[in-house]
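Visitor: Pasting coords-v3.cif below, which is mmCIF, C-alpha atoms (C1' of nucleotides).
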```
data_final
loop_
_atom_site.label_atom_id
_atom_site.label_comp_id
_atom_site.auth_asym_id
_atom_site.auth_seq_id
_atom_site.Cartn_x
_atom_site.Cartn_y
_atom_site.Cartn_z
CA MET C 1 158.16 183.70 -110.82
CA THR C 2 158.49 187.43 -110.36
CA GLN C 3 155.03 188.07 -109.00
CA ALA C 4 154.01 186.56 -105.67
CA GLN C 5 150.49 187.98 -105.88
CA PRO C 6 147.55 185.61 -105.62
CA TYR C 7 144.87 185.10 -108.24
CA SER C 8 141.80 187.26 -108.75
CA ALA C 9 138.52 186.37 -107.09
CA THR C 10 137.08 185.47 -110.48
CA GLU C 11 139.93 183.09 -111.24
CA GLU C 12 139.57 181.43 -107.86
CA LYS C 13 135.81 181.01 -108.27
CA MET C 14 136.13 179.67 -111.81
CA ALA C 15 138.68 177.12 -110.66
CA ARG C 16 136.50 176.10 -107.72
CA TYR C 17 133.43 175.50 -109.88
CA ALA C 18 135.50 173.79 -112.55
CA LYS C 19 136.99 171.47 -109.96
CA ALA C 20 133.49 170.47 -108.88
CA LEU C 21 132.77 169.55 -112.51
CA SER C 22 136.06 167.74 -113.02
CA HIS C 23 134.78 164.20 -112.44
CA PRO C 24 132.35 162.51 -114.84
CA ALA C 25 130.27 161.18 -111.95
CA ARG C 26 129.68 164.73 -110.73
CA VAL C 27 128.81 165.96 -114.22
CA PHE C 28 126.35 163.08 -114.41
CA ILE C 29 124.81 163.93 -111.04
CA LEU C 30 124.28 167.56 -112.01
CA ARG C 31 122.71 166.68 -115.37
CA PHE C 32 120.49 164.19 -113.59
CA LEU C 33 119.37 166.82 -111.09
CA GLU C 34 118.72 169.32 -113.86
CA GLN C 35 116.26 166.85 -115.38
CA GLN C 36 114.69 165.62 -112.16
CA CYS C 37 114.48 168.99 -110.39
CA ALA C 38 114.94 167.09 -107.12
CA CYS C 39 115.69 163.54 -106.13
CA PHE C 40 116.99 161.31 -103.39
CA ALA C 41 120.57 160.21 -102.90
CA GLY C 42 119.47 156.65 -103.57
CA ASP C 43 118.07 157.57 -107.00
CA ILE C 44 121.46 158.99 -107.93
CA SER C 45 123.41 156.09 -106.47
CA GLU C 46 121.34 153.62 -108.51
CA GLN C 47 122.57 155.23 -111.72
CA LEU C 48 126.26 155.18 -110.89
CA PRO C 49 128.82 152.36 -111.05
CA MET C 50 130.27 152.97 -107.61
CA ALA C 51 129.64 152.34 -103.94
CA ASN C 52 127.06 154.35 -102.06
CA SER C 53 129.67 155.87 -99.85
CA THR C 54 131.60 157.12 -102.87
CA VAL C 55 128.49 158.72 -104.35
CA SER C 56 127.92 160.36 -100.99
CA GLN C 57 131.44 161.78 -101.18
CA HIS C 58 130.78 163.23 -104.63
CA LEU C 59 127.54 164.77 -103.38
CA LYS C 60 129.50 166.35 -100.56
CA VAL C 61 131.97 167.89 -103.03
CA LEU C 62 129.09 169.37 -105.04
CA LYS C 63 127.43 170.65 -101.86
CA GLU C 64 130.65 172.27 -100.69
CA ALA C 65 131.12 173.90 -104.10
CA GLY C 66 127.61 175.33 -103.66
CA LEU C 67 126.16 173.72 -106.77
CA ILE C 68 123.59 171.54 -104.99
CA LYS C 69 121.53 171.63 -101.81
CA GLY C 70 120.16 168.76 -99.74
CA SER C 71 117.03 168.91 -97.63
CA PHE C 72 116.98 166.32 -94.89
CA ASN C 73 113.76 164.37 -94.67
CA PRO C 74 114.78 161.18 -92.87
CA PRO C 75 115.61 158.58 -93.70
CA THR C 76 116.03 160.16 -97.15
CA ILE C 77 117.72 163.35 -98.30
CA GLU C 78 116.31 165.21 -101.23
CA TYR C 79 118.87 166.92 -103.43
CA CYS C 80 118.43 169.73 -105.92
CA ILE C 81 120.46 172.28 -107.86
CA ASP C 82 121.36 175.42 -105.91
CA LYS C 83 119.95 177.90 -108.39
CA GLU C 84 121.69 180.99 -107.09
CA ASN C 85 125.21 179.60 -107.37
CA TRP C 86 124.30 177.72 -110.52
CA THR C 87 123.44 181.06 -112.14
CA GLU C 88 126.69 182.55 -110.93
CA ALA C 89 128.70 179.63 -112.31
CA LYS C 90 126.87 179.85 -115.62
CA ALA C 91 127.67 183.56 -115.90
CA LEU C 92 131.32 183.01 -114.99
CA PHE C 93 131.81 180.32 -117.64
CA GLU C 94 129.94 182.35 -120.23
CA ALA C 95 132.10 185.41 -119.62
CA PHE C 96 135.19 183.25 -119.62
CA PHE C 97 134.50 181.66 -122.98
CA THR C 98 133.34 184.91 -124.55
CA PRO C 99 136.10 187.45 -123.95
CA CYS C 100 135.42 191.11 -124.50
CA CYS C 101 137.89 191.60 -127.37
CA MET L 1 125.84 150.72 -107.57
CA THR L 2 123.50 148.71 -109.75
CA GLN L 3 124.76 150.01 -113.09
CA ALA L 4 128.34 149.26 -114.14
CA GLN L 5 128.04 151.26 -117.36
CA PRO L 6 130.53 154.04 -117.99
CA TYR L 7 129.68 157.70 -118.51
CA SER L 8 128.53 159.28 -121.75
CA ALA L 9 131.03 160.87 -124.12
CA THR L 10 129.63 164.29 -123.25
CA GLU L 11 130.08 163.71 -119.53
CA GLU L 12 133.66 162.53 -120.06
CA LYS L 13 134.50 165.52 -122.25
CA MET L 14 132.93 168.01 -119.86
CA ALA L 15 134.88 166.53 -116.96
CA ARG L 16 138.10 166.62 -118.97
CA TYR L 17 137.72 170.28 -119.88
CA ALA L 18 136.59 171.16 -116.38
CA LYS L 19 139.65 169.46 -114.93
CA ALA L 20 141.86 171.59 -117.16
CA LEU L 21 140.14 174.67 -115.69
CA SER L 22 140.29 173.42 -112.12
CA HIS L 23 143.40 175.34 -111.05
CA PRO L 24 143.47 179.15 -110.77
CA ALA L 25 146.85 179.31 -112.51
CA ARG L 26 145.40 177.58 -115.55
CA VAL L 27 142.34 179.84 -115.57
CA PHE L 28 144.75 182.76 -115.43
CA ILE L 29 146.82 181.43 -118.32
CA LEU L 30 143.78 180.97 -120.53
CA ARG L 31 142.43 184.45 -119.78
CA PHE L 32 145.88 185.85 -120.48
CA LEU L 33 146.05 184.06 -123.82
CA GLU L 34 142.57 185.24 -124.73
CA GLN L 35 143.78 188.82 -124.33
CA GLN L 36 147.19 188.40 -125.91
CA CYS L 37 146.13 186.14 -128.77
CA ALA L 38 149.58 184.56 -128.58
CA CYS L 39 152.54 184.81 -126.26
CA PHE L 40 155.69 183.08 -125.06
CA ALA L 41 155.95 180.76 -122.11
CA GLY L 42 158.21 183.31 -120.45
CA ASP L 43 155.54 186.02 -120.64
CA ILE L 44 153.15 183.72 -118.81
CA SER L 45 155.70 182.61 -116.26
CA GLU L 46 156.46 186.24 -115.36
CA GLN L 47 152.87 186.76 -114.28
CA LEU L 48 152.62 183.74 -112.04
CA PRO L 49 153.85 183.16 -108.48
CA MET L 50 155.49 179.82 -109.17
CA ALA L 51 158.60 178.24 -110.66
CA ASN L 52 159.10 178.07 -114.39
CA SER L 53 158.97 174.33 -114.36
CA THR L 54 155.61 174.37 -112.61
CA VAL L 55 154.19 176.80 -115.17
CA SER L 56 155.49 174.47 -117.86
CA GLN L 57 153.59 171.63 -116.23
CA HIS L 58 150.37 173.65 -116.23
CA LEU L 59 150.90 174.50 -119.89
CA LYS L 60 151.30 170.80 -120.57
CA VAL L 61 147.99 170.04 -118.87
CA LEU L 62 146.24 172.67 -120.99
CA LYS L 63 147.92 171.35 -124.12
CA GLU L 64 146.87 167.78 -123.34
CA ALA L 65 143.31 168.94 -122.72
CA GLY L 66 143.43 170.52 -126.19
CA LEU L 67 142.73 174.06 -125.02
CA ILE L 68 146.03 175.57 -126.14
CA LYS L 69 148.63 174.99 -128.85
CA GLY L 70 152.32 175.78 -128.83
CA SER L 71 154.39 176.55 -131.90
CA PHE L 72 158.04 175.87 -131.42
CA ASN L 73 160.31 178.70 -132.49
CA PRO L 74 163.53 178.13 -130.55
CA PRO L 75 164.55 179.08 -128.08
CA THR L 76 161.03 180.32 -127.42
CA ILE L 77 157.63 178.67 -127.75
CA GLU L 78 154.63 180.71 -128.74
CA TYR L 79 151.35 179.64 -127.17
CA CYS L 80 147.82 180.38 -128.24
CA ILE L 81 144.26 179.20 -127.65
CA ASP L 82 143.24 176.16 -129.69
CA LYS L 83 140.13 177.70 -131.23
CA GLU L 84 138.52 174.51 -132.43
CA ASN L 85 138.49 172.80 -129.05
CA TRP L 86 137.82 176.09 -127.30
CA THR L 87 134.61 176.38 -129.31
CA GLU L 88 133.69 172.82 -128.46
CA ALA L 89 134.27 173.42 -124.75
CA LYS L 90 132.26 176.62 -124.88
CA ALA L 91 129.34 174.81 -126.50
CA LEU L 92 129.52 171.97 -123.97
CA PHE L 93 129.43 174.30 -120.98
CA GLU L 94 126.66 176.38 -122.52
CA ALA L 95 124.51 173.32 -123.13
CA PHE L 96 125.30 172.03 -119.67
CA PHE L 97 124.21 175.18 -117.88
CA THR L 98 121.15 175.70 -120.07
CA PRO L 99 119.19 172.45 -119.94
CA CYS L 100 116.42 171.86 -122.41
CA CYS L 101 113.53 171.73 -119.88
"C1'" DT I 1 183.18 175.24 -131.28
"C1'" DG I 2 181.52 177.18 -127.10
"C1'" DA I 3 178.47 180.28 -124.52
"C1'" DG I 4 173.86 182.01 -123.93
"C1'" DT I 5 168.70 181.84 -123.80
"C1'" DA I 6 164.13 179.84 -123.32
"C1'" DT I 7 161.88 176.04 -122.20
"C1'" DT I 8 160.98 171.30 -120.94
"C1'" DT I 9 161.86 166.94 -118.65
"C1'" DC I 10 163.34 164.37 -114.62
"C1'" DG I 11 163.47 163.01 -109.89
"C1'" DT I 12 161.29 163.65 -105.87
"C1'" DA I 13 158.29 165.11 -102.01
"C1'" DA I 14 154.00 166.54 -100.07
"C1'" DA I 15 149.16 167.14 -100.45
"C1'" DA I 16 144.66 166.09 -102.41
"C1'" DA I 17 141.33 163.10 -104.83
"C1'" DT I 18 139.16 158.73 -105.43
"C1'" DA I 19 137.37 154.50 -103.94
"C1'" DC I 20 135.94 150.80 -100.81
"C1'" DG I 21 133.67 148.44 -96.81
"C1'" DA I 22 132.39 148.81 -92.07
"C1'" DA I 23 130.36 151.42 -88.62
"C1'" DA I 24 127.56 155.33 -87.10
"C1'" DT I 25 123.36 158.25 -87.43
"C1'" DA I 26 118.57 159.37 -87.31
"C1'" DG I 27 114.06 158.97 -87.93
"C1'" DG I 28 109.84 155.64 -88.88
"C1'" DT I 29 107.33 151.46 -87.65
"C1'" DA I 30 106.03 147.04 -85.45
"C1'" DT J 1 111.98 149.21 -77.14
"C1'" DA J 2 114.00 146.94 -81.04
"C1'" DC J 3 114.41 146.74 -85.86
"C1'" DC J 4 114.42 148.72 -90.67
"C1'" DT J 5 115.85 151.97 -94.16
"C1'" DA J 6 118.53 155.67 -96.26
"C1'" DT J 7 122.42 158.02 -95.88
"C1'" DT J 8 126.75 159.74 -94.11
"C1'" DT J 9 131.13 159.40 -91.70
"C1'" DC J 10 135.34 156.90 -90.66
"C1'" DG J 11 139.53 154.46 -91.54
"C1'" DT J 12 142.37 153.17 -94.98
"C1'" DA J 13 144.74 152.29 -99.48
"C1'" DT J 14 145.91 153.80 -104.02
"C1'" DT J 15 146.41 157.12 -107.48
"C1'" DT J 16 146.82 161.75 -109.10
"C1'" DT J 17 148.05 166.53 -108.64
"C1'" DT J 18 150.99 170.14 -107.44
"C1'" DA J 19 155.36 172.04 -106.66
"C1'" DC J 20 160.39 172.56 -106.61
"C1'" DG J 21 165.29 172.62 -108.27
"C1'" DA J 22 168.63 170.44 -111.17
"C1'" DA J 23 169.67 168.69 -115.49
"C1'" DA J 24 168.65 168.16 -120.38
"C1'" DT J 25 167.28 170.06 -124.93
"C1'" DA J 26 167.56 172.85 -128.94
"C1'" DC J 27 168.48 176.59 -131.34
"C1'" DT J 28 171.29 181.24 -132.09
"C1'" DC J 29 175.21 184.04 -132.02
"C1'" DA J 30 180.05 185.27 -131.16
#
```
Could I get this file's structure written as structure tokens?

Guide:
Amino acid sequence: MTQAQPYSATEEKMARYAKALSHPARVFILRFLEQQCACFAGDISEQLPMANSTVSQHLKVLKEAGLIKGSFNPPTIEYCIDKENWTEAKALFEAFFTPCC
Amino acid sequence: MTQAQPYSATEEKMARYAKALSHPARVFILRFLEQQCACFAGDISEQLPMANSTVSQHLKVLKEAGLIKGSFNPPTIEYCIDKENWTEAKALFEAFFTPCC
DNA sequence: TGAGTATTTCGTAAAAATACGAAATAGGTA
DNA sequence: TACCTATTTCGTATTTTTACGAAATACTCA
């Protein structure tokens, strides 16, 4: 415990994206959205063994992590992958698992 | 909530590895081990702004996730990346971020 | 045997994640 | 205007994570 310095920006980002992926329901949702390109919250909820409100919470976590976007079109909300951040996350994980040396 | 079926093995594994990566200290430790190939718990602890016992806890999480291995050589313990599972995790994340369609 | 070193385990406290059902929101339709 | 539908937010309970310091472990060396 000699160094009180915080973590690098890369480490923080990695951890943030990883945390978003750290629940099987959220992994499922992302894979589902990759296949569907876009779909409604209800379509997702139908596939998952949990209450609507819990699914909504997981969607919020993914939204806050920047991995998905929702476009409001009442009474439904259409969700899709946020491509920009998705690409960033992909690059981060790739670099992480393939070290330079 | 119409389907009470659990998640696929892939989803569970992804989530498990992602959870191991979901704290910046653990990301740091893994990057450190990638560079060092192998090192002692003390070497890691020196680099991190937290108590020894907390670092030990993070090492335990990584060990339980299968991403690192420790070889006991008292009074020290030498840690290194578990290459087999590392390769599996790498493949899982790659496939996840690069969908077929 | 007794001290020293590196590390983990234990006990505990505080914060965050997960889950539910009920209530709120916000627009479309009769 | 009053209802319907899809979704989120709220309040709450339970579990898990994170962190610390003190004590335990396990081996080496004097």

Visitor: Tell me, counting all atoms listed in the file, for each residue of chain I within 7 Å of chain C, which pair of atoms is nearest and how far apart they are in Å to one decimal, in rows ordered by chain and increasing number, as a tab-separated table.

Guide:
```
residue	atom	partner	partner_atom	distance
I:DA19	C1'	C:Thr54	CA	6.4
I:DA26	C1'	C:Pro74	CA	7.0
I:DG27	C1'	C:Pro74	CA	5.5
```

Visitor: Expand the PyMOL selection byres ((chain J) within 10 of (chain L)) into the individual residues it matches in the shown file, reporting them as a ChimeraX atom specification.

Guide: /J:18-21,25-28

Visitor: If you take all atoms listed in the file and a cut-off of 8 Å, which residues of chain L touch chain C, and what are their nearest atom pairs and distances in Å to one decimal, in chain and number order, as a tab-separated table?

Guide:
```
residue	atom	partner	partner_atom	distance
L:Met1	CA	C:Pro49	CA	4.9
L:Thr2	CA	C:Glu46	CA	5.5
L:Gln3	CA	C:Pro49	CA	5.1
L:Ala4	CA	C:Pro49	CA	4.4
L:Gln5	CA	C:Pro49	CA	6.5
L:Pro6	CA	C:Pro49	CA	7.3
L:Tyr7	CA	C:Pro24	CA	6.6
L:Glu11	CA	C:Pro24	CA	5.3
L:Glu12	CA	C:Pro24	CA	5.4
L:Met14	CA	C:Val27	CA	7.3
L:Ala15	CA	C:Ser22	CA	4.3
L:Arg16	CA	C:Ser22	CA	6.4
L:Tyr17	CA	C:Ser22	CA	7.5
L:Ala18	CA	C:Ala18	CA	4.8
L:Lys19	CA	C:Ser22	CA	4.4
L:Leu21	CA	C:Ala18	CA	5.7
L:Ser22	CA	C:Ala15	CA	4.3
L:His23	CA	C:Ala15	CA	5.1
L:Pro24	CA	C:Ala15	CA	5.2
L:Ala25	CA	C:Tyr7	CA	7.5
L:Val27	CA	C:Glu11	CA	5.9
L:Phe28	CA	C:Glu11	CA	6.4
L:Arg31	CA	C:Phe96	CA	7.3
L:Glu34	CA	C:Pro99	CA	6.9
L:Gln35	CA	C:Cys101	CA	7.2
L:Ser45	CA	C:Met1	CA	6.1
L:Glu46	CA	C:Met1	CA	5.5
L:Gln47	CA	C:Gln3	CA	5.9
L:Leu48	CA	C:Met1	CA	5.7
L:Pro49	CA	C:Ala4	CA	4.4
L:Met50	CA	C:Met1	CA	5.0
L:Ala51	CA	C:Met1	CA	5.5
L:Asn52	CA	C:Met1	CA	6.7
L:Trp86	CA	C:Phe97	CA	7.8
L:Lys90	CA	C:Phe97	CA	5.8
L:Phe93	CA	C:Phe93	CA	7.3
L:Glu94	CA	C:Glu94	CA	7.2
L:Phe96	CA	C:Arg31	CA	7.3
L:Phe97	CA	C:Lys90	CA	5.8
L:Pro99	CA	C:Glu34	CA	6.9
L:Cys101	CA	C:Gln35	CA	7.2
```

Visitor: For this structure, which residues satisfy the selection - the PyMOL selection byres ((chain I and resi 11) around 10) - when it is evaluated on the file as given? I want them as number ranges by chain.

Guide: I: 9-10, 12-13; J: 21-22

Visitor: From the list J:DT17, J:DT7, J:DT1, J:DT12, which residue is nearest DT29 of chain I when using all atoms listed in the file?

Guide: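 Among the listed residues, the smallest separation from DT29 of chain I belongs to J:DT1.
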
Visitor: So the first atom is atom CA of Lys69 of chain L and the second is atom CA of Glu88 of chain C; what is the distance between them in Å, to one decimal place?

Guide: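 Interatomic distance here is 29.3 Å.
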
Visitor: Please provide the set of residues having any atom within 12 Å of DA23 of chain I, restricted to all atoms listed in the file, with same-chain residues fewer than 6 positions apart removed, written as an mmCIF file with C-alpha atoms (C1' of nucleotides), keeping the file's coordinate frame.

Guide:
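File written: result.cif
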```
data_model
loop_
_atom_site.group_PDB
_atom_site.id
_atom_site.type_symbol
_atom_site.label_atom_id
_atom_site.label_comp_id
_atom_site.auth_asym_id
_atom_site.auth_seq_id
_atom_site.Cartn_x
_atom_site.Cartn_y
_atom_site.Cartn_z
ATOM 1 C "C1'" DT J 8 126.750 159.740 -94.110
ATOM 2 C "C1'" DT J 9 131.130 159.400 -91.700
ATOM 3 C "C1'" DC J 10 135.340 156.900 -90.660
ATOM 4 C "C1'" DG J 11 139.530 154.460 -91.540
#
```

Visitor: Quick one: apply the PyMOL selection byres ((chain L and resi 68) around 6) to the file and drop the selected residues here as an MDAnalysis selection string.

Guide: chainID L and resid 62:63 66:67 69 80:82

Visitor: Atom CA of Val61 of chain C and atom C1' of DA16 of chain I, how far apart in Å?

Guide: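 Those two atoms sit 12.8 Å apart.
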
Visitor: Between L:Leu59, L:Ala41, L:Leu33, L:Glu64, single out the one closest to Asn85 of chain L, counting all atoms listed in the file.

Guide: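 Nearest to Asn85 of chain L: L:Glu64.
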
Visitor: Would you work out the distance separating atom C1' of DT5 of chain I from atom C1' of DC29 of chain J, expressed in Å to one decimal?

Guide: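 Going from atom C1' of DT5 of chain I over to atom C1' of DC29 of chain J covers 10.7 Å.
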
Visitor: Could N, CA and C atoms be built for segment 6-28 of chain L and written out as a PDB file, in the coordinates of the input?

Guide:
```pdb
ATOM      1  N   PRO L   6     129.721 152.842-118.152  1.00  0.00           N
ATOM      2  CA  PRO L   6     130.530 154.040-117.990  1.00  0.00           C
ATOM      3  C   PRO L   6     129.699 155.291-118.294  1.00  0.00           C
ATOM      4  N   TYR L   7     130.363 156.434-118.289  1.00  0.00           N
ATOM      5  CA  TYR L   7     129.680 157.700-118.510  1.00  0.00           C
ATOM      6  C   TYR L   7     129.551 157.981-120.003  1.00  0.00           C
ATOM      7  N   SER L   8     128.693 158.902-120.350  1.00  0.00           N
ATOM      8  CA  SER L   8     128.530 159.280-121.750  1.00  0.00           C
ATOM      9  C   SER L   8     129.738 160.078-122.223  1.00  0.00           C
ATOM     10  N   ALA L   9     129.904 160.138-123.542  1.00  0.00           N
ATOM     11  CA  ALA L   9     131.030 160.870-124.120  1.00  0.00           C
ATOM     12  C   ALA L   9     130.987 162.339-123.700  1.00  0.00           C
ATOM     13  N   THR L  10     129.792 162.889-123.652  1.00  0.00           N
ATOM     14  CA  THR L  10     129.630 164.290-123.250  1.00  0.00           C
ATOM     15  C   THR L  10     130.083 164.499-121.812  1.00  0.00           C
ATOM     16  N   GLU L  11     129.680 163.599-120.938  1.00  0.00           N
ATOM     17  CA  GLU L  11     130.080 163.710-119.530  1.00  0.00           C
ATOM     18  C   GLU L  11     131.597 163.616-119.390  1.00  0.00           C
ATOM     19  N   GLU L  12     132.197 162.694-120.116  1.00  0.00           N
ATOM     20  CA  GLU L  12     133.660 162.530-120.060  1.00  0.00           C
ATOM     21  C   GLU L  12     134.368 163.785-120.564  1.00  0.00           C
ATOM     22  N   LYS L  13     133.875 164.324-121.668  1.00  0.00           N
ATOM     23  CA  LYS L  13     134.500 165.520-122.250  1.00  0.00           C
ATOM     24  C   LYS L  13     134.373 166.723-121.322  1.00  0.00           C
ATOM     25  N   MET L  14     133.169 166.919-120.808  1.00  0.00           N
ATOM     26  CA  MET L  14     132.930 168.010-119.860  1.00  0.00           C
ATOM     27  C   MET L  14     133.916 167.929-118.704  1.00  0.00           C
ATOM     28  N   ALA L  15     134.011 166.729-118.125  1.00  0.00           N
ATOM     29  CA  ALA L  15     134.880 166.530-116.960  1.00  0.00           C
ATOM     30  C   ALA L  15     136.331 166.821-117.325  1.00  0.00           C
ATOM     31  N   ARG L  16     136.721 166.429-118.537  1.00  0.00           N
ATOM     32  CA  ARG L  16     138.100 166.620-118.970  1.00  0.00           C
ATOM     33  C   ARG L  16     138.423 168.118-119.130  1.00  0.00           C
ATOM     34  N   TYR L  17     137.508 168.835-119.743  1.00  0.00           N
ATOM     35  CA  TYR L  17     137.720 170.280-119.880  1.00  0.00           C
ATOM     36  C   TYR L  17     137.673 170.971-118.521  1.00  0.00           C
ATOM     37  N   ALA L  18     136.721 170.545-117.699  1.00  0.00           N
ATOM     38  CA  ALA L  18     136.590 171.160-116.380  1.00  0.00           C
ATOM     39  C   ALA L  18     137.849 170.934-115.553  1.00  0.00           C
ATOM     40  N   LYS L  19     138.421 169.750-115.681  1.00  0.00           N
ATOM     41  CA  LYS L  19     139.650 169.460-114.930  1.00  0.00           C
ATOM     42  C   LYS L  19     140.775 170.381-115.371  1.00  0.00           C
ATOM     43  N   ALA L  20     140.837 170.673-116.658  1.00  0.00           N
ATOM     44  CA  ALA L  20     141.860 171.590-117.160  1.00  0.00           C
ATOM     45  C   ALA L  20     141.680 172.980-116.556  1.00  0.00           C
ATOM     46  N   LEU L  21     140.438 173.334-116.247  1.00  0.00           N
ATOM     47  CA  LEU L  21     140.140 174.670-115.690  1.00  0.00           C
ATOM     48  C   LEU L  21     140.129 174.675-114.167  1.00  0.00           C
ATOM     49  N   SER L  22     140.502 173.564-113.557  1.00  0.00           N
ATOM     50  CA  SER L  22     140.290 173.420-112.120  1.00  0.00           C
ATOM     51  C   SER L  22     141.428 173.968-111.247  1.00  0.00           C
ATOM     52  N   HIS L  23     142.346 174.702-111.845  1.00  0.00           N
ATOM     53  CA  HIS L  23     143.400 175.340-111.050  1.00  0.00           C
ATOM     54  C   HIS L  23     143.490 176.816-111.451  1.00  0.00           C
ATOM     55  N   PRO L  24     143.501 177.714-110.447  1.00  0.00           N
ATOM     56  CA  PRO L  24     143.470 179.150-110.770  1.00  0.00           C
ATOM     57  C   PRO L  24     144.598 179.582-111.711  1.00  0.00           C
ATOM     58  N   ALA L  25     145.743 178.953-111.618  1.00  0.00           N
ATOM     59  CA  ALA L  25     146.850 179.310-112.510  1.00  0.00           C
ATOM     60  C   ALA L  25     146.469 179.026-113.964  1.00  0.00           C
ATOM     61  N   ARG L  26     145.778 177.928-114.178  1.00  0.00           N
ATOM     62  CA  ARG L  26     145.400 177.580-115.550  1.00  0.00           C
ATOM     63  C   ARG L  26     144.282 178.476-116.063  1.00  0.00           C
ATOM     64  N   VAL L  27     143.366 178.868-115.178  1.00  0.00           N
ATOM     65  CA  VAL L  27     142.340 179.840-115.570  1.00  0.00           C
ATOM     66  C   VAL L  27     143.028 181.143-115.961  1.00  0.00           C
ATOM     67  N   PHE L  28     144.001 181.541-115.149  1.00  0.00           N
ATOM     68  CA  PHE L  28     144.750 182.760-115.430  1.00  0.00           C
ATOM     69  C   PHE L  28     145.424 182.690-116.801  1.00  0.00           C
TER      70      PHE L  28
END
```
